[in-house]
Every structure is written in C-alpha cells, then in structure tokens.
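Down below is the structure, laid out as structure tokens.
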Amino acid sequence: MTAQYSVYALAGGLLVGFAFHALAIHTHVLKRILAWNTLGSAAFLVFGAIARRNTGAPDPVPHAIVITGIVVAISSTALALALARRIDEENKK
Amino acid sequence: MVLDLLLAASLLLTAWRSLYANDPLQAVGLFVAYGLLLALAWARLDALDVALAEAGIGAGLTGALLLGASRHAADRSFSDRIASPMMRAFLAAGALSLTSIVALALWSLRKPRGPGIAPLVSAKLSESGVKHPVTSVLLNFRSWDTLLEIGVLVVAAFSILALRLARSPPRKYDPMLAALVRVMVPILGVCGGYLLWAGSHRPGGAFQAGALLGAAGVLLQLAGYDLLADSARRGFRALLVVGFGTFLCVGIGVSTLGHQILEYPPTQAGSLIFWIELVATISIAVTLNLLYAASGSGAT
C-alpha cells in the first residue's frame with residue numbers, strides 16, 4: 001500500500017505544480033480553465049492516494065468527497081465557459 | 001507496481017502536453033486522454049466509484065464542454081503567455097516551491113496509519129440503508145456535502161440561464177448521427193438505470209447514472225435537439241430543482257419526526273435514499289445537459 005501511495009501522491013504533487021504554473025503563465029481564458037481543471041483533478045488524486053494509506057480497505061469517505069468534488073468542478077467549468085462565451089458575444093457587438 | 005509507475009508517468013506526460021499545447025483542439029484532446037488515464041489510476045487505487053465518475057464527468061462531459069469551447073478559441077492566440085521575464089521567473093519559482101512543499105508534506109505521510117475510518121463506516125453500514133460503503137457515505141453519513149453539492153449544480157444552472165446566451169443556429173440533419181442516436185440513447189438509458197440501481201450495493205449511484213443519462217442528452221443535442229429553446233419552460237426549470245428540492249424536503253421531513261436534519265430512521269433509510277437518488281439522477285442529467293448546451297458546443 002505504501003508504494004502505491006508514494007507513486008500516486010508524488011504524481012499528484014507534480015501535477016499540482018504543472019497545473020499551477022500553466023494556470024498562472026497563460027493568458028488565454030480556455031487555457032486557464034483547462035489548467036484549473038487539471039489542478040483540481042491533481043488535488044483529487046492526492047486525496048485518493050491518502051485514502052490508500054490505510055491498512056486494509058481504502059477509506060470510503062475521501063472517495064465520496066472526491067465524487068462530490070468532480071461534480072462541483074464540472075459546474076464551475078461550465079459556468080466559466082458560459083461567462084467566457086457571453087464576454088465574446090458582448091465583444092462582437 | 002510497474003503498472004502504477006507507467007500510469008503515473010503517462011499521467012504526467014499527457015497533462016504536461018495538454019497544459020502547454022499550442023493548439024486548442026490538441027490541448028482538449030490530451031486533457032480527455034489525461035482524464036481517462038486518471039480514471040484508470042482511480043481504479044488502481046480501488047476507487048471504482050470515483051473511476052466511473054472521473055471517466056464519465058471529469059473526462060467525458062468536461063471534455064465535451066471544452067471541445068465545444070475550443071472551436072471558438074482558435075481566433076485568438078491560444079499559446080499567449082505572460083511576457084515579462086521577471087514575472088515568468090517568479091512564477092516558475094513559485095510553482096517549483098509549491099510542488100516541493102506538497103511533495104515534502106506527502107512524503108512525511110508515507111507511513112501506513114492503521115485502518116483509518118473505514119472500519120467505522122463498515123460497522124455502521126447496516127444502519128445506512130445501503131450495502132455499498134461509498135453510497136452510504138454520500139447519501140447518508142455525509143449527506144450534507146451531497147445536498148450542498150446538488151445545490152451547487154442548481155446555482156450553476158440558474159447562473160447560466162441568467163446569462164441569457166444567444167442560441168446556436170440549428171444543425172444540419174446528419175443521417176449517420178441520427179442512426180447512432182437511435183441506437184445509443186436507449187442503451188445509455190438502460191445502463192444509467194442499472195448504475196443507479198447498482199449504487200445501493202456496489203460501485204455506481206446517482207452521479208454516475210446522471211452522467212450516462214446526461215451523455216444520452218448530449219447525443220440528442222448533437223442530433224439537433226435545441227435544449228436552450230426549452231430552458232424557458234416551467235417544466236424544464238422544475239426538473240433542474242426537483243433533485244435538490246426532494247433531498248431538502250426529506251432532510252427537513254425526518255427532522256419533524258424527532259431526528260436530526262438528514263438523519264434517516266434506519267428502517268426507512270434504504271427507500272428514502274432510493275427515492276432521493278432517483279430524483280437526483282434526473283436533475284443531474286438535465287443540469288449536465290444545460291451546462292453542455294451553454295458551453296457553445298451547438299454552434300457550428
């Protein structure tokens with residue numbers, strides 16, 4: 001279990017770094033929304049790795065909360081995309 | 001172990017390529033690939049519920065939203081970055097230190113910590129009304145989180161409606177697509193119903209089922225169904241809130257019977273959870289469709 005924890009926790013940590021950098025350095029709105037999503041999923045992966053630290057069965061509580069998080073992430077993504085589209089519509093007028 | 005290492009390496013590679021791609025379509029395509037690999041990682045971590053949700057919602061539907069948006073993104077310079085060298089150096093240093101802090105913190109947690117709270121969940125499982133631990137946490141032990149999350153979906157849906165987006169021009173009739181839709185939509189409906197039912201005793205549940213039914217709706221939209229045109233109807237708006245409303249009414253209803261809010265009586269918990277999940281699935285599917293319609297995917 002520890003080996004698996006280390007692999008996915010480390011991958012999650014690196015992904016957080018990549019996504020943060022991409023989020024901060026790019027100026028295009030779609031790129032930022034994409035990086036924001038990757039940042040979220042990397043945080044979920046870290047959470048999933050931590051759920052695996054248990055001896056025996058993995059912890060169901062982080063799993064349930066990550067499912068919640070995935071749904072919140074798509075809601076925020078869709079709202080961000082809709083706002084971006086609305087801004088485009090305004091600019092074209 | 002080798003599989004885990006390969007999977008982690010491919011995750012990093014696809015994420016890197018997606019985040020720094022110069023072409024919007026390439027970036028979104030790689031993001032979907034990353035999401036599917038992430039679903040495999042979740043399966044390796046023994047989290048099949050999360051794997052299903054990640055594949056369906058995180059990779060599939062989010063990918064569809066981004067794909068629609070990527071077609072409008074091509075006119076502006078997609079790979080523009082902050083120009084100032086000092087700012088770039090500062091951001092690189094910031095990202096590096098963030099990664100180091102996260103990695104160090106996680107490294108210090110590497111020792112196994114005993115059984116955690118999993119035994120507590122399995123000990124109380126018989127009182128929850130369902131036989132699957134993750135569903136028991138989602139719909140019973142931590143139903144506050146789930147209630148508020150469905151609330152987030154409602155807020156997102158009504159914020160999008162408030163933006164009053166322009167409707168896309170109707171699509172051209174595509175006989176191939178229409179044939180595919182006629183085959184796929186019933187299959188997706190049956191699979192969604194199965195996942196909803198399966199959630200009570202094995203991986204599955206309202207969110208995974210809602211994602212599949214949502215996918216069926218996305219296919220219908222691709223084949224020409226104009227959802228934004230229907231979104232002004234009262235019946236449509238009722239479907240958006242019925243999941244949250246039912247959940248809230250049940251939560252408050254049990255409190256009038258001498259329980260805490262959202263504390264289901266163990267004998268009725270199973271059927272209460274079933275009805276909440278059934279209604280929530282409908283709301284989730286309709287909301288996901290509205291999110292898709294608003295992302296501009298319909299425009300050609």
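Residues in the structure tokens are named by chain (A, B, ... in the order shown) and by number from 1 within that chain; ligands are numbered from 1 in the order shown.
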
Fewer than 2 positions away in the same chain doesn't count, so skip those; otherwise give me all residues within 9 Å of Ala103 (chain B), counting only C-alpha atoms, as a list in words.
Ala9, Leu10, Gly12, Gly13 and Leu14 of chain A; Leu98, Thr99, Ser100, Ile101, Ala105, Leu106, Trp107 and Ser108 of chain B

Near chain A, which residues of chain B fall within 6 Å when you count only C-alpha atoms, and what do they look like as a list of chain:residue names?
B:Ala8, B:Val50, B:Phe78, B:Asp80, B:Arg81, B:Ile82, B:Ala95, B:Thr99, B:Val102, B:Ala103, B:Pro112, B:Arg113, B:Gly114, B:Pro115, B:Gly116, B:Ala118, B:Val134, B:Leu138, B:Ala156, B:Leu291, B:Ala294, B:Ser295

Quick one: residues within 10 Å of Trp275 (chain B), only C-alpha atoms counted, chain neighbours fewer than 6 positions away excluded, as a count of residues only?
5
